[in-house]
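**Q** Once you've had a glance at the structure underneath, I'll fire off some questions.
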Amino acid sequence: MKKIVVLVSGRGTNLQALIDASRSGFIPGEIRLVISDNPVAYALRRAQEAGIPTLVLDYQSFPSKKAYEAKLLEVLEQENPDLICLAGYMRIVGKEIVQRFRNRIMNIHPSLLPAFPGLEAQRQAVEYGVKVSGCTVHFVDEGMDTGPIILQATCPVFEDDTPETLAERILKYEHQIYPQAVKLFLEGKLEVRGRKVFIRGE
Ligand code: GRF
């Protein structure tokens, strides 16, 4: 069974989608550990309820970002997962970790990248006035939301949308394409060439 580690900071609905997909056998992998930088993340509760080990690396308790990243790298090297999934993880992963796990770290972002990277992507989309938005699963590189794109899903943006109503619409697609991307990866169907991801057998 392939090993997955999930990094979270918040409520964990994407974590839940991955837990459900693992349990049902949709993804051929097991979530071995959930790491949170936030001790009160609801995602921790979800992991515990699913019987998955959790680890809190409380960012505030580290003297520096460097110290935090060093500890995180140490834990990840110990676990040596096949795949690391960021699921509502609110930090930029440091260069050393990215290099050590190149093309083995995935993220889900609630916009059609490269549009609206960074925080509050749904608010950015509403304020910009786009008619279509969606979500993106991508590999993590050294930039912010810039890595090779694996899957995207689109949805309409309505004139009366608020960031909240759009976020809710996009979230449903997130919960579909994140497990789908993880499945493709664990089945060995993703090939990264430069900044393009080729899906074998498609
Ligand atoms: C999602 O919108 C995800 O795309 C973004 O952060 C949010 C996390 O939500 N990266 P949840 O914690 O998975 O519910």
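By convention in this document, the chains of the structure tokens carry letters A, B, ... by their order, each chain's residues are numbered from 1, and ligands are numbered from 1 in the order they are shown.
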Please provide as a PyMOL selection string all residues within 6 Å of His138 in chain A, with the sequence filter that same-chain residues fewer than 3 positions apart are discarded (counting only C-alpha atoms).
**A** chain A and resi 106-107+147-150
**Q** Applying 7 Å and only C-alpha atoms, which residues near range 161-168 of chain A remain after dropping the ones on its own chain fewer than 6 positions away? List them as a PyMOL selection string.
**A** chain A and resi 122-123+126
**Q** Please produce a file of those selected residues containing C-alpha atoms, as a PDB file, in the first residue's frame.
**A**
```pdb
ATOM      1  CA  GLN A 122     -12.397  33.040  -4.525  1.00  0.00           C
ATOM      2  CA  ARG A 123     -12.585  36.678  -3.394  1.00  0.00           C
ATOM      3  CA  VAL A 126     -15.416  37.584  -7.590  1.00  0.00           C
TER       4      VAL A 126
END
```
**Q** Could I get the residue neighbourhood of ligand 1 at 7 Å, counting only C-alpha atoms and all ligand atoms, as JSON, numbers by chain?
**A** {"A": [8, 9, 10, 11, 12, 13, 14, 15, 43, 87, 88, 89, 107, 108, 109, 110, 135, 167, 171, 174]}
**Q** Name the residues in contact with Phe185 in chain A at a cut-off of 10 Å, using only C-alpha atoms, excluding same-chain residues fewer than 2 positions from it; report them as a list of chain:residue names.
**A** A:Ile27, A:Pro28, A:Asp82, A:Leu83, A:Asn103, A:Arg104, A:Met106, A:Ile150, A:Pro179, A:Gln180, A:Ala181, A:Val182, A:Lys183, A:Glu187, A:Gly188, A:Lys189, A:Leu190, A:Glu191, A:Ile199
**Q** For the selection just defined, write its residues with C-alpha atoms to a file, as a CSV table (one decimal), in the first residue's frame.
**A**
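In the end it all went to result03.csv:
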```csv
chain,number,residue,atom,x,y,z
A,27,ILE,CA,-7.2,5.6,-4.1
A,28,PRO,CA,-4.6,2.8,-3.7
A,82,ASP,CA,5.1,8.2,-1.6
A,83,LEU,CA,3.0,11.3,-1.7
A,103,ASN,CA,7.0,16.1,-7.8
A,104,ARG,CA,5.8,14.1,-4.8
A,106,MET,CA,0.5,18.0,-4.3
A,150,ILE,CA,-2.3,17.9,-12.8
A,179,PRO,CA,-8.8,12.2,-4.9
A,180,GLN,CA,-8.8,11.8,-8.6
A,181,ALA,CA,-5.3,13.3,-8.9
A,182,VAL,CA,-4.0,11.3,-6.0
A,183,LYS,CA,-5.4,8.1,-7.6
A,187,GLU,CA,-1.3,4.3,-10.0
A,188,GLY,CA,1.8,5.7,-11.7
A,189,LYS,CA,-0.1,7.4,-14.4
A,190,LEU,CA,1.4,10.9,-14.0
A,191,GLU,CA,4.5,11.9,-15.9
A,199,ILE,CA,-1.6,11.6,-17.9
```
**Q** If you run DSSP on the backbone, which residues of range 12-78 of chain A are helix (DSSP H, G or I), as a PyMOL selection string?
**A** chain A and resi 13-23+42-49+59-61+65-78
**Q** Determine which residues of range 9-56 of chain A DSSP labels as strand (DSSP E) from the backbone of this structure, then write them out as a short mmCIF file (atom, residue, chain, number, x, y, z; two decimals) with N, CA and C atoms, in the first residue's frame.
**A**
```cif
data_model
loop_
_atom_site.label_atom_id
_atom_site.label_comp_id
_atom_site.auth_asym_id
_atom_site.auth_seq_id
_atom_site.Cartn_x
_atom_site.Cartn_y
_atom_site.Cartn_z
N GLY A 29 -3.95 3.90 -1.68
CA GLY A 29 -2.97 4.40 -0.72
C GLY A 29 -3.62 4.62 0.62
N GLU A 30 -2.73 4.69 1.61
CA GLU A 30 -3.20 4.83 2.99
C GLU A 30 -2.63 6.12 3.58
N ILE A 31 -3.46 6.87 4.25
CA ILE A 31 -2.96 8.09 4.91
C ILE A 31 -2.34 7.64 6.23
N ARG A 32 -1.00 7.79 6.29
CA ARG A 32 -0.27 7.28 7.45
C ARG A 32 -0.17 8.30 8.56
N LEU A 33 -0.22 9.58 8.19
CA LEU A 33 -0.01 10.63 9.17
C LEU A 33 -0.64 11.93 8.67
N VAL A 34 -1.26 12.65 9.60
CA VAL A 34 -1.75 14.00 9.30
C VAL A 34 -0.97 14.97 10.18
N ILE A 35 -0.32 15.93 9.54
CA ILE A 35 0.49 16.91 10.28
C ILE A 35 -0.21 18.27 10.19
N SER A 36 -0.36 18.91 11.34
CA SER A 36 -0.97 20.24 11.36
C SER A 36 -0.02 21.25 11.99
N THR A 54 -1.86 11.57 14.20
CA THR A 54 -1.71 13.01 13.94
C THR A 54 -0.46 13.53 14.64
N LEU A 55 0.04 14.61 14.09
CA LEU A 55 1.18 15.28 14.70
C LEU A 55 0.96 16.78 14.58
N VAL A 56 1.08 17.48 15.69
CA VAL A 56 0.99 18.93 15.65
C VAL A 56 2.41 19.50 15.71
#
```
**Q** What is the distance between CA of Val93 in chain A and CA of Gly118 in chain A, in Å to one decimal?
**A**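 Distance between the two atoms: 13.1 Å.
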**Q** With distances taken over only C-alpha atoms, which of A:Asp141, A:Glu79, A:Glu69, A:Glu159 is nearest to Glu127 in chain A?
**A**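 Nearest candidate to Glu127 in chain A out of A:Asp141, A:Glu79, A:Glu69, A:Glu159: A:Glu159.
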**Q** Here is a test: counting only C-alpha atoms, which residue of A:Val6, A:Ala121, A:His175, A:Gln16 is nearest to Tyr42 in chain A?
**A**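 Comparing A:Val6, A:Ala121, A:His175, A:Gln16 against Tyr42 in chain A, the winner is A:Gln16.
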**Q** Looking at only C-alpha atoms, which of A:Asp145, A:Val98, A:Arg91, A:Pro53 is the one that sits closest to Phe116 in chain A?
**A** A:Asp145
